[in-house]
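Peer 1: Got a file for you: data-v2.txt, compact mmCIF, C-alpha atoms.
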# COMPACT_ATOMS: atom_id res chain seq x y z
CA MET A 1 -11.56 17.58 16.68
CA GLN A 2 -11.13 16.93 12.95
CA ALA A 3 -12.04 13.50 11.58
CA ALA A 4 -12.59 11.79 8.21
CA VAL A 5 -16.17 10.53 8.12
CA TRP A 6 -17.58 7.98 5.63
CA TYR A 7 -21.13 8.72 4.48
CA ALA A 8 -21.28 6.57 1.33
CA ALA A 9 -19.04 5.30 -1.45
CA LYS A 10 -17.00 8.24 -2.79
CA ASP A 11 -18.41 10.43 -0.01
CA LEU A 12 -15.71 10.87 2.64
CA ARG A 13 -15.73 14.19 4.49
CA VAL A 14 -13.22 15.79 6.83
CA GLU A 15 -15.36 17.54 9.41
CA GLU A 16 -15.60 18.66 13.01
CA MET A 17 -16.52 15.90 15.49
CA PRO A 18 -16.74 15.83 19.29
CA VAL A 19 -13.70 14.49 21.13
CA PRO A 20 -14.68 11.03 22.48
CA MET A 21 -14.90 10.41 26.22
CA VAL A 22 -13.60 7.54 28.35
CA ASN A 23 -16.83 6.08 29.75
CA ASP A 24 -15.72 2.51 30.44
CA PRO A 25 -13.29 1.43 33.20
CA HIS A 26 -11.37 -0.69 30.65
CA ALA A 27 -11.24 2.00 27.95
CA VAL A 28 -8.20 3.87 26.66
CA LYS A 29 -8.12 7.25 24.91
CA VAL A 30 -5.39 7.64 22.31
CA LYS A 31 -4.07 10.73 20.57
CA VAL A 32 -3.58 9.45 17.03
CA MET A 33 -0.12 10.11 15.62
CA GLU A 34 -0.05 8.19 12.33
CA CYS A 35 -2.70 6.24 10.40
CA GLY A 36 -2.28 4.30 7.17
CA ILE A 37 -4.81 4.02 4.36
CA CYS A 38 -5.58 0.33 3.93
CA GLY A 39 -6.76 -1.57 0.88
CA SER A 40 -9.94 -2.30 2.84
CA ASP A 41 -10.43 1.45 3.33
CA LEU A 42 -10.00 1.91 -0.40
CA HIS A 43 -12.65 -0.75 -1.15
CA GLU A 44 -15.07 1.01 1.22
CA TYR A 45 -14.37 4.36 -0.41
CA ALA A 46 -14.66 3.08 -3.97
CA ALA A 47 -17.47 0.53 -3.71
CA GLY A 48 -18.61 0.18 -0.08
CA PRO A 49 -20.20 -0.58 2.21
CA ILE A 50 -18.45 -3.88 2.97
CA PHE A 51 -17.62 -3.78 6.68
CA ILE A 52 -19.22 -0.39 7.31
CA PRO A 53 -22.66 -0.87 8.93
CA VAL A 54 -25.43 0.82 6.98
CA GLY A 55 -29.12 0.68 7.92
CA LYS A 56 -28.58 -0.82 11.37
CA PRO A 57 -25.89 -0.40 14.03
CA HIS A 58 -22.97 -2.78 14.36
CA PRO A 59 -23.73 -5.11 17.31
CA ILE A 60 -20.49 -4.29 19.12
CA SER A 61 -19.84 -0.62 18.30
CA GLY A 62 -23.54 0.30 18.40
CA GLU A 63 -22.93 2.68 15.50
CA GLN A 64 -23.79 2.86 11.81
CA ALA A 65 -22.78 5.14 8.94
CA PRO A 66 -21.74 7.88 8.95
CA ILE A 67 -18.66 6.58 10.80
CA ILE A 68 -15.07 7.73 11.33
CA MET A 69 -12.61 5.70 9.23
CA GLY A 70 -9.03 4.55 9.86
CA HIS A 71 -7.88 1.29 11.45
CA GLU A 72 -4.10 1.14 10.81
CA PHE A 73 -2.82 3.49 13.46
CA SER A 74 -0.57 4.28 16.36
CA GLY A 75 -0.64 6.97 18.99
CA GLU A 76 -0.04 8.09 22.53
CA VAL A 77 -2.23 7.16 25.49
CA VAL A 78 -3.71 10.34 26.99
CA GLU A 79 -6.35 8.91 29.35
CA VAL A 80 -7.25 5.50 30.81
CA GLY A 81 -10.23 4.03 32.64
CA ASP A 82 -10.02 3.11 36.33
CA LYS A 83 -9.42 -0.61 35.69
CA VAL A 84 -6.94 -0.41 32.79
CA THR A 85 -3.75 -2.39 33.52
CA ARG A 86 -2.12 -2.92 30.10
CA VAL A 87 -1.04 0.68 29.51
CA LYS A 88 -0.70 4.03 31.25
CA VAL A 89 -0.88 7.68 30.21
CA GLY A 90 2.12 8.56 28.07
CA ASP A 91 2.62 5.09 26.60
CA ARG A 92 3.17 4.79 22.86
CA VAL A 93 0.85 2.18 21.37
CA ALA A 94 -0.16 0.35 18.20
CA ILE A 95 -3.85 -0.44 17.88
CA GLU A 96 -5.30 -3.88 17.13
CA PRO A 97 -8.67 -2.69 15.78
CA ILE A 98 -10.70 -5.92 15.78
CA LEU A 99 -14.20 -5.61 17.18
CA SER A 100 -15.06 -8.99 18.74
CA PRO A 101 -16.97 -9.95 21.90
CA ASN A 102 -14.96 -8.83 24.91
CA GLN A 103 -15.32 -8.38 28.65
CA ASN A 104 -13.19 -6.76 31.34
CA GLY A 105 -10.46 -5.73 28.93
CA ALA A 106 -10.05 -9.07 27.11
CA TYR A 107 -11.40 -10.82 24.04
CA LEU A 108 -13.74 -13.70 24.92
CA MET A 109 -12.85 -15.99 22.00
CA GLU A 110 -9.50 -17.67 21.42
CA ARG A 111 -9.95 -17.15 17.66
CA TYR A 112 -11.49 -13.74 18.15
CA ASN A 113 -11.10 -12.75 14.49
CA LEU A 114 -13.58 -15.47 13.49
CA THR A 115 -16.57 -14.17 15.43
CA PRO A 116 -19.79 -13.80 13.39
CA LEU A 117 -19.93 -10.28 14.86
CA LEU A 118 -16.55 -9.30 13.40
CA GLY A 119 -15.98 -5.61 12.87
CA PHE A 120 -13.12 -3.13 12.96
CA HIS A 121 -12.54 0.07 14.86
CA GLY A 122 -12.35 2.58 12.04
CA LEU A 123 -14.58 0.57 9.69
CA SER A 124 -17.51 -0.53 11.82
CA GLY A 125 -18.06 2.43 14.11
CA GLY A 126 -16.73 3.27 17.54
CA GLY A 127 -14.24 5.86 16.30
CA GLY A 128 -11.21 5.55 14.07
CA GLY A 129 -7.65 6.52 13.31
CA PHE A 130 -8.49 9.25 10.80
CA SER A 131 -9.19 11.56 13.72
CA GLU A 132 -7.25 13.42 16.36
CA PHE A 133 -8.45 11.25 19.26
CA THR A 134 -10.19 7.92 19.59
CA VAL A 135 -11.23 5.58 22.41
CA MET A 136 -11.10 1.78 22.48
CA GLY A 137 -10.90 -1.11 24.95
CA GLU A 138 -7.54 -1.89 26.52
CA HIS A 139 -7.56 -5.31 24.82
CA MET A 140 -6.98 -3.45 21.55
CA VAL A 141 -3.78 -1.61 22.50
CA HIS A 142 -0.20 -2.88 22.38
CA LYS A 143 2.79 -0.96 23.74
CA LEU A 144 5.26 0.03 21.07
CA PRO A 145 8.91 -0.79 21.76
CA ASP A 146 10.98 2.34 22.27
CA ASP A 147 12.97 1.74 19.08
CA LEU A 148 9.90 1.67 16.80
CA SER A 149 8.55 4.97 15.48
CA PHE A 150 4.87 5.95 15.39
CA GLU A 151 5.00 5.51 11.62
CA GLN A 152 6.32 1.98 12.11
CA GLY A 153 3.53 1.48 14.64
CA ALA A 154 0.93 2.35 12.00
CA LEU A 155 2.29 -0.51 9.88
CA VAL A 156 1.83 -3.17 12.57
CA GLU A 157 -1.79 -3.77 11.53
CA PRO A 158 -1.17 -4.47 7.82
CA ALA A 159 1.96 -6.44 8.68
CA ALA A 160 -0.17 -8.54 11.04
CA VAL A 161 -2.42 -9.49 8.10
CA ALA A 162 0.61 -10.69 6.13
CA LEU A 163 2.18 -12.56 9.01
CA HIS A 164 -1.12 -14.24 9.89
CA ALA A 165 -1.56 -15.30 6.25
CA VAL A 166 1.86 -16.94 6.17
CA ARG A 167 1.43 -18.56 9.58
CA GLN A 168 -1.94 -20.01 8.55
CA SER A 169 -0.48 -21.42 5.33
CA CYS A 170 1.24 -24.77 4.93
CA LEU A 171 4.55 -23.09 4.06
CA LYS A 172 7.69 -24.59 5.58
CA ALA A 173 11.24 -23.27 5.65
CA GLY A 174 12.84 -23.89 2.27
CA ASP A 175 9.55 -23.80 0.33
CA ARG A 176 8.77 -21.71 -2.75
CA ALA A 177 5.97 -19.15 -2.71
CA ALA A 178 4.29 -16.73 -5.10
CA VAL A 179 2.62 -13.48 -4.10
CA PHE A 180 0.06 -12.12 -6.56
CA GLY A 181 -0.08 -8.36 -6.09
CA ALA A 182 2.75 -6.21 -4.72
CA GLY A 183 0.69 -3.54 -3.01
CA PRO A 184 1.22 -2.90 0.71
CA THR A 185 -0.14 -6.28 1.88
CA GLY A 186 1.66 -8.12 -0.91
CA LEU A 187 4.98 -6.49 -0.05
CA MET A 188 4.48 -7.29 3.60
CA THR A 189 3.63 -10.89 2.67
CA ILE A 190 7.00 -11.05 0.93
CA GLU A 191 8.61 -9.88 4.17
CA ALA A 192 6.65 -12.42 6.22
CA LEU A 193 7.71 -15.18 3.82
CA LYS A 194 11.34 -14.15 4.23
CA ALA A 195 10.95 -14.30 8.00
CA ALA A 196 9.36 -17.75 7.69
CA GLY A 197 12.29 -19.09 5.70
CA ALA A 198 10.89 -19.31 2.16
CA ALA A 199 13.75 -20.27 -0.17
CA GLN A 200 12.30 -18.56 -3.25
CA ILE A 201 9.65 -15.84 -3.44
CA TYR A 202 8.02 -14.72 -6.67
CA ALA A 203 5.96 -11.54 -7.01
CA VAL A 204 3.38 -11.13 -9.80
CA GLU A 205 2.79 -7.43 -10.47
CA ILE A 206 2.36 -5.00 -13.37
CA ALA A 207 3.01 -1.56 -11.80
CA PRO A 208 6.65 -0.53 -12.34
CA SER A 209 7.15 1.07 -8.91
CA ARG A 210 5.63 -1.90 -7.10
CA LYS A 211 7.70 -4.33 -9.16
CA ALA A 212 10.79 -2.38 -8.14
CA LYS A 213 9.84 -2.53 -4.47
CA ALA A 214 9.15 -6.28 -4.62
CA GLU A 215 12.49 -6.83 -6.30
CA ALA A 216 14.26 -4.69 -3.71
CA LEU A 217 12.78 -6.91 -1.01
CA GLY A 218 14.29 -9.97 -2.67
CA ALA A 219 11.41 -11.33 -4.76
CA ILE A 220 11.75 -12.56 -8.35
CA VAL A 221 9.26 -10.43 -10.28
CA VAL A 222 6.92 -11.73 -12.99
CA ASP A 223 4.93 -9.23 -15.08
CA PRO A 224 1.73 -10.85 -16.46
CA GLN A 225 1.48 -8.15 -19.13
CA GLN A 226 4.81 -9.22 -20.59
CA GLU A 227 4.57 -13.00 -20.25
CA ASP A 228 2.23 -15.78 -19.18
CA ALA A 229 2.53 -15.61 -15.40
CA VAL A 230 1.47 -19.21 -14.78
CA GLU A 231 3.86 -20.67 -17.34
CA LYS A 232 6.70 -18.51 -16.04
CA LEU A 233 6.09 -19.50 -12.42
CA GLN A 234 5.81 -23.17 -13.33
CA THR A 235 9.14 -22.91 -15.12
CA LEU A 236 10.95 -20.87 -12.47
CA SER A 237 9.78 -23.15 -9.67
CA SER A 238 10.37 -26.42 -11.58
CA GLY A 239 6.72 -27.49 -11.64
CA GLY A 240 4.83 -25.06 -9.44
CA VAL A 241 5.13 -23.21 -6.15
CA ASP A 242 4.27 -24.73 -2.79
CA VAL A 243 2.01 -21.85 -1.76
CA ALA A 244 0.45 -18.96 -3.69
CA PHE A 245 -0.93 -15.89 -1.93
CA GLU A 246 -3.70 -13.99 -3.74
CA VAL A 247 -3.58 -10.33 -2.66
CA THR A 248 -5.40 -8.49 -5.48
CA GLY A 249 -9.11 -9.34 -5.30
CA ILE A 250 -9.18 -9.76 -9.10
CA PRO A 251 -11.05 -12.89 -10.31
CA ALA A 252 -8.60 -13.72 -13.13
CA VAL A 253 -5.71 -13.50 -10.69
CA LEU A 254 -7.34 -16.06 -8.40
CA ASN A 255 -7.16 -18.56 -11.25
CA GLN A 256 -3.56 -17.63 -11.96
CA ALA A 257 -2.66 -18.23 -8.33
CA LEU A 258 -4.42 -21.58 -8.37
CA HIS A 259 -2.63 -22.79 -11.50
CA SER A 260 0.76 -21.58 -10.32
CA THR A 261 0.89 -24.23 -7.58
CA HIS A 262 2.08 -27.81 -8.01
CA GLU A 263 0.08 -30.96 -7.25
CA GLY A 264 -0.92 -30.77 -3.58
CA GLY A 265 -0.10 -27.06 -3.43
CA GLU A 266 -2.04 -24.40 -1.57
CA VAL A 267 -3.65 -21.06 -2.42
CA VAL A 268 -4.21 -18.57 0.41
CA VAL A 269 -6.76 -15.86 -0.39
CA VAL A 270 -5.85 -12.70 1.52
CA SER A 271 -7.91 -10.13 -0.41
CA ILE A 272 -11.21 -8.57 0.49
CA TRP A 273 -13.43 -8.86 -2.60
CA GLU A 274 -15.91 -6.42 -4.10
CA GLY A 275 -17.68 -9.15 -6.10
CA GLU A 276 -17.75 -12.85 -6.94
CA ALA A 277 -15.00 -14.91 -8.54
CA SER A 278 -15.21 -18.28 -10.27
CA PHE A 279 -12.82 -21.19 -10.73
CA GLN A 280 -13.04 -24.75 -12.01
CA PRO A 281 -13.29 -27.05 -8.95
CA ASN A 282 -11.51 -29.80 -10.89
CA ASP A 283 -8.40 -27.63 -10.75
CA LEU A 284 -8.47 -28.29 -7.02
CA VAL A 285 -9.77 -31.85 -7.13
CA ILE A 286 -7.57 -33.47 -9.76
CA LYS A 287 -4.38 -31.88 -8.43
CA GLU A 288 -5.39 -32.29 -4.75
CA ARG A 289 -4.75 -28.61 -4.18
CA THR A 290 -6.06 -26.65 -1.21
CA MET A 291 -7.60 -23.17 -1.16
CA LYS A 292 -8.18 -21.29 2.06
CA GLY A 293 -9.02 -17.79 3.17
CA ILE A 294 -7.74 -15.69 6.05
CA ILE A 295 -9.33 -12.69 7.71
CA ALA A 296 -7.29 -10.14 9.62
CA TYR A 297 -5.12 -11.72 12.35
CA ARG A 298 -5.06 -12.93 15.93
CA HIS A 299 -2.35 -13.10 18.57
CA VAL A 300 0.38 -11.80 16.22
CA TYR A 301 1.00 -8.16 17.19
CA PRO A 302 3.89 -8.98 19.57
CA ALA A 303 5.51 -11.16 16.88
CA VAL A 304 5.12 -8.42 14.25
CA MET A 305 6.77 -5.83 16.47
CA ALA A 306 9.59 -8.24 17.34
CA LEU A 307 10.21 -8.80 13.61
CA MET A 308 10.13 -5.04 13.03
CA GLN A 309 12.88 -4.68 15.62
CA ARG A 310 14.91 -7.12 13.51
CA GLY A 311 14.40 -5.02 10.37
CA TYR A 312 11.34 -6.55 8.74
CA PHE A 313 8.33 -4.51 7.49
CA ARG A 314 10.35 -1.28 7.34
CA ALA A 315 8.41 1.95 6.80
CA GLU A 316 11.04 3.16 4.31
CA ASP A 317 10.23 0.15 2.09
CA MET A 318 6.46 0.66 2.21
CA VAL A 319 5.52 4.33 2.67
CA THR A 320 5.35 6.41 -0.50
CA GLN A 321 3.41 9.46 0.72
CA ARG A 322 2.79 11.30 3.98
CA ILE A 323 -0.17 13.69 4.09
CA PRO A 324 -2.20 15.73 6.59
CA LEU A 325 -5.76 14.69 7.43
CA ALA A 326 -7.18 17.67 5.53
CA ASP A 327 -5.84 16.22 2.24
CA ILE A 328 -7.02 12.64 2.78
CA VAL A 329 -9.54 12.54 -0.08
CA GLU A 330 -7.56 13.99 -2.99
CA ARG A 331 -3.98 13.15 -1.97
CA GLY A 332 -4.96 9.95 -0.20
CA PHE A 333 -7.88 7.90 -1.52
CA GLU A 334 -8.06 9.41 -5.00
CA ALA A 335 -4.29 9.15 -5.38
CA LEU A 336 -4.37 5.45 -4.51
CA LEU A 337 -7.15 4.84 -7.03
CA SER A 338 -5.40 6.64 -9.87
CA ASP A 339 -1.68 6.23 -9.23
CA LYS A 340 -0.32 2.70 -8.91
CA ALA A 341 3.07 4.15 -8.00
CA GLN A 342 1.61 4.74 -4.56
CA VAL A 343 1.99 1.91 -2.05
CA LYS A 344 1.28 2.98 1.55
CA ILE A 345 0.04 6.49 2.29
CA ILE A 346 0.33 7.63 5.90
CA VAL A 347 -2.07 10.25 7.29
CA SER A 348 -1.13 12.49 10.21
CA PRO A 349 -4.20 13.83 12.04
For this file, write the structure as structure tokens.

Peer 2:
Amino acid sequence: MQAAVWYAAKDLRVEEMPVPMVNDPHAVKVKVMECGICGSDLHEYAAGPIFIPVGKPHPISGEQAPIIMGHEFSGEVVEVGDKVTRVKVGDRVAIEPILSPNQNGAYLMERYNLTPLLGFHGLSGGGGGFSEFTVMGEHMVHKLPDDLSFEQGALVEPAAVALHAVRQSCLKAGDRAAVFGAGPTGLMTIEALKAAGAAQIYAVEIAPSRKAKAEALGAIVVDPQQEDAVEKLQTLSSGGVDVAFEVTGIPAVLNQALHSTHEGGEVVVVSIWEGEASFQPNDLVIKERTMKGIIAYRHVYPAVMALMQRGYFRAEDMVTQRIPLADIVERGFEALLSDKAQVKIIVSP
């Protein structure tokens, strides 16, 4: 089969790989239909490794680079192990790619995304969605409702990040929130905030196409290149937002998010970072603000798909390009690095 294999930063190759086998009674083989390129994938391509194991195998996948990439994907079940009960051959599924200790087709931890051994199928070995077929445990597959397309299924994973971020925040219905960065995760955070009942949502973004998409989703857009974002948000929200979501991974933006909140407000850091960032702790202390991070998601896939059935996280609002696997480097990763008009690029193996 064809697969996109990460060897090093800026070294991603589409090459021939063996089709994986089902060797575990709780394993499921999936024919990949659609796979999105994630911001985490882009970080690995541009400046990795971050989650990709190099030098020693990942403790759960048992693999190290070179590894097959792709963790935002959906597909069709084509083979199952003898003890699989969650799905059957022919089922349409969305993949929850978290690698966390598991046994007999189930995660062992309640908060399985917080394991010290955290990894991701498609980032940490074990196969990935940028391939024609891949195999994972049955605890990682969720049946897609009949009225959701495979493309919509590929968006469940990034939407789960956004929904988890909002659910882990202190936001209550009627609150005001700011989202810093209107890329795919930022746009989906706007959608999750709408579903959670935020009364006002502000989006801080500089790219014209992303500003337009945020505005189309109902956010009030602030462009930090045209005005002081913090001052504008403080004015628009009458003293600061209740919760700010940082979704850029840019150090200066972290400080903007912090200062955009009112006394007692909260900053939720959603980004994966390539380097360090600094802030003045007194900006937390004196205002009694809170800053917290979130990683991935847990127990939210069914909720995401239910919201999708109600019209949230629509593919037509997020997807800007659809490409074949053979073009993943130039029309996928390089396009995302150079063209901020791109939001979510979907790859079809």

Peer 1: May I ask which of the residues A:Gly239, A:Asp91, A:Ile68, A:Gly119 is the closest one to Pro145 in chain A, counting only C-alpha atoms?

Peer 2: A:Asp91

Peer 1: Expressed in Å to a single decimal, how great is the separation between CA of Thr290 in chain A and CA of Leu258 in chain A?

Peer 2: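 Between CA of Thr290 in chain A and CA of Leu258 in chain A the gap is 8.9 Å.
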
Peer 1: Select, from A:Gln168, A:Pro66, A:Glu79, A:Gly183, the residue with the minimum atom-to-atom distance to Gly126 in chain A, counting all atoms listed in the file.

Peer 2: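 Checking each of A:Gln168, A:Pro66, A:Glu79, A:Gly183 against Gly126 in chain A, counting all atoms listed in the file, the winner is A:Pro66.
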
Peer 1: Which residue is closest to Ala3 in chain A? Choose from A:Val54, A:Met21, A:Ala27, A:Cys35 and count all atoms listed in the file.

Peer 2: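 So, comparing all the options, the nearest one is A:Cys35.
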
Peer 1: If we count only C-alpha atoms, what is near Gln225 in chain A at a cut-off of 10 Å, once residues fewer than 3 positions away on the same chain are taken out, given as a list in words?

Peer 2: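 Once the adjacent positions are removed, what remains is Val204, Glu205, Ile206, Ala207, Val222, Asp228 and Ala229 of chain A.
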
Peer 1: Write out as CSV the residues of range 236-337 of chain A that have any atom within 7 Å of an atom of range 149-165 of chain A, one row each with the nearest atom pair and its distance in Å to one decimal, counting all atoms listed in the file, sorted by chain and then rising number.

Peer 2:
residue,atom,partner,partner_atom,distance
A:Val270,CA,A:Ala165,CA,6.9
A:Ile294,CA,A:Ala165,CA,6.2
A:Ala296,CA,A:Val161,CA,5.1
A:Tyr297,CA,A:His164,CA,5.3
A:Val300,CA,A:Ala160,CA,6.1
A:Tyr301,CA,A:Ala160,CA,6.3
A:Val304,CA,A:Ala160,CA,6.2
A:Met305,CA,A:Val156,CA,6.8
A:Phe313,CA,A:Ala159,CA,6.8
A:Ala315,CA,A:Gln152,CA,5.7

Peer 1: Please indicate the distance in Å from CA of Ser74 in chain A to CA of Asn113 in chain A, rounded to one decimal place.

Peer 2: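 Taking CA of Ser74 in chain A as the start and CA of Asn113 in chain A as the end point, the length is 20.1 Å.
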
Peer 1: Skip range 121-123 of chain A itself and residues of its chain fewer than 6 positions away, then list as a PDB file with C-alpha atoms, in the coordinates of the input all residues within 9 Å of it, counting only C-alpha atoms.

Peer 2:
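Result file follows (part.pdb):
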ATOM      1  CA  TRP A   6     -17.580   7.980   5.630  1.00  0.00           C
ATOM      2  CA  SER A  40      -9.940  -2.300   2.840  1.00  0.00           C
ATOM      3  CA  ASP A  41     -10.430   1.450   3.330  1.00  0.00           C
ATOM      4  CA  GLU A  44     -15.070   1.010   1.220  1.00  0.00           C
ATOM      5  CA  ILE A  50     -18.450  -3.880   2.970  1.00  0.00           C
ATOM      6  CA  PHE A  51     -17.620  -3.780   6.680  1.00  0.00           C
ATOM      7  CA  ILE A  52     -19.220  -0.390   7.310  1.00  0.00           C
ATOM      8  CA  PRO A  53     -22.660  -0.870   8.930  1.00  0.00           C
ATOM      9  CA  SER A  61     -19.840  -0.620  18.300  1.00  0.00           C
ATOM     10  CA  ILE A  67     -18.660   6.580  10.800  1.00  0.00           C
ATOM     11  CA  ILE A  68     -15.070   7.730  11.330  1.00  0.00           C
ATOM     12  CA  MET A  69     -12.610   5.700   9.230  1.00  0.00           C
ATOM     13  CA  GLY A  70      -9.030   4.550   9.860  1.00  0.00           C
ATOM     14  CA  HIS A  71      -7.880   1.290  11.450  1.00  0.00           C
ATOM     15  CA  GLU A  72      -4.100   1.140  10.810  1.00  0.00           C
ATOM     16  CA  GLU A  96      -5.300  -3.880  17.130  1.00  0.00           C
ATOM     17  CA  PRO A  97      -8.670  -2.690  15.780  1.00  0.00           C
ATOM     18  CA  ILE A  98     -10.700  -5.920  15.780  1.00  0.00           C
ATOM     19  CA  LEU A  99     -14.200  -5.610  17.180  1.00  0.00           C
ATOM     20  CA  GLY A 129      -7.650   6.520  13.310  1.00  0.00           C
ATOM     21  CA  PHE A 130      -8.490   9.250  10.800  1.00  0.00           C
ATOM     22  CA  MET A 136     -11.100   1.780  22.480  1.00  0.00           C
TER      23      MET A 136
END

Peer 1: Return the single residue from A:Pro116, A:Gly75, A:Pro20, A:Gly311 that is closest to His58 in chain A, with distances computed using all atoms listed in the file.

Peer 2: A:Pro116

Peer 1: Enumerate, in order of chain and increasing residue number, the residues of range 264-307 of chain A with an atom no farther than 12 Å from range 248-251 of chain A, each with its shortest atom pair and distance in Å to one decimal, counting only C-alpha atoms, as a tab-separated table.

Peer 2:
residue	atom	partner	partner_atom	distance
A:Val268	CA	A:Thr248	CA	11.7
A:Val269	CA	A:Gly249	CA	8.5
A:Val270	CA	A:Thr248	CA	8.2
A:Ser271	CA	A:Gly249	CA	5.1
A:Ile272	CA	A:Gly249	CA	6.2
A:Trp273	CA	A:Gly249	CA	5.1
A:Glu274	CA	A:Gly249	CA	7.5
A:Gly275	CA	A:Gly249	CA	8.6
A:Glu276	CA	A:Pro251	CA	7.5
A:Ala277	CA	A:Pro251	CA	4.8
A:Ser278	CA	A:Pro251	CA	6.8
A:Phe279	CA	A:Pro251	CA	8.5
A:Gly293	CA	A:Gly249	CA	12.0

Peer 1: Find the spatial neighbours of His259 in chain A, counting all atoms listed in the file, within a cut-off of 10 Å - ignore same-chain residues fewer than 4 positions away - and output them as a count of residues only.

Peer 2: 18

Peer 1: Would you list the residues near (-1.5, 10.0, 24.4) (no more than 10 Å away, in the coordinates of the file, using all atoms listed in the file) as a ChimeraX atom specification?

Peer 2: /A:28-33,74-80,88-93,133

Peer 1: Please identify all polymer residues within 8 Å of range 328-340 of chain A, counting only C-alpha atoms, omitting same-chain residues fewer than 3 positions from it, and present them as a PyMOL selection string.

Peer 2: chain A and resi 4+12-13+37+42+45+207+209-210+323-325+343+345+347
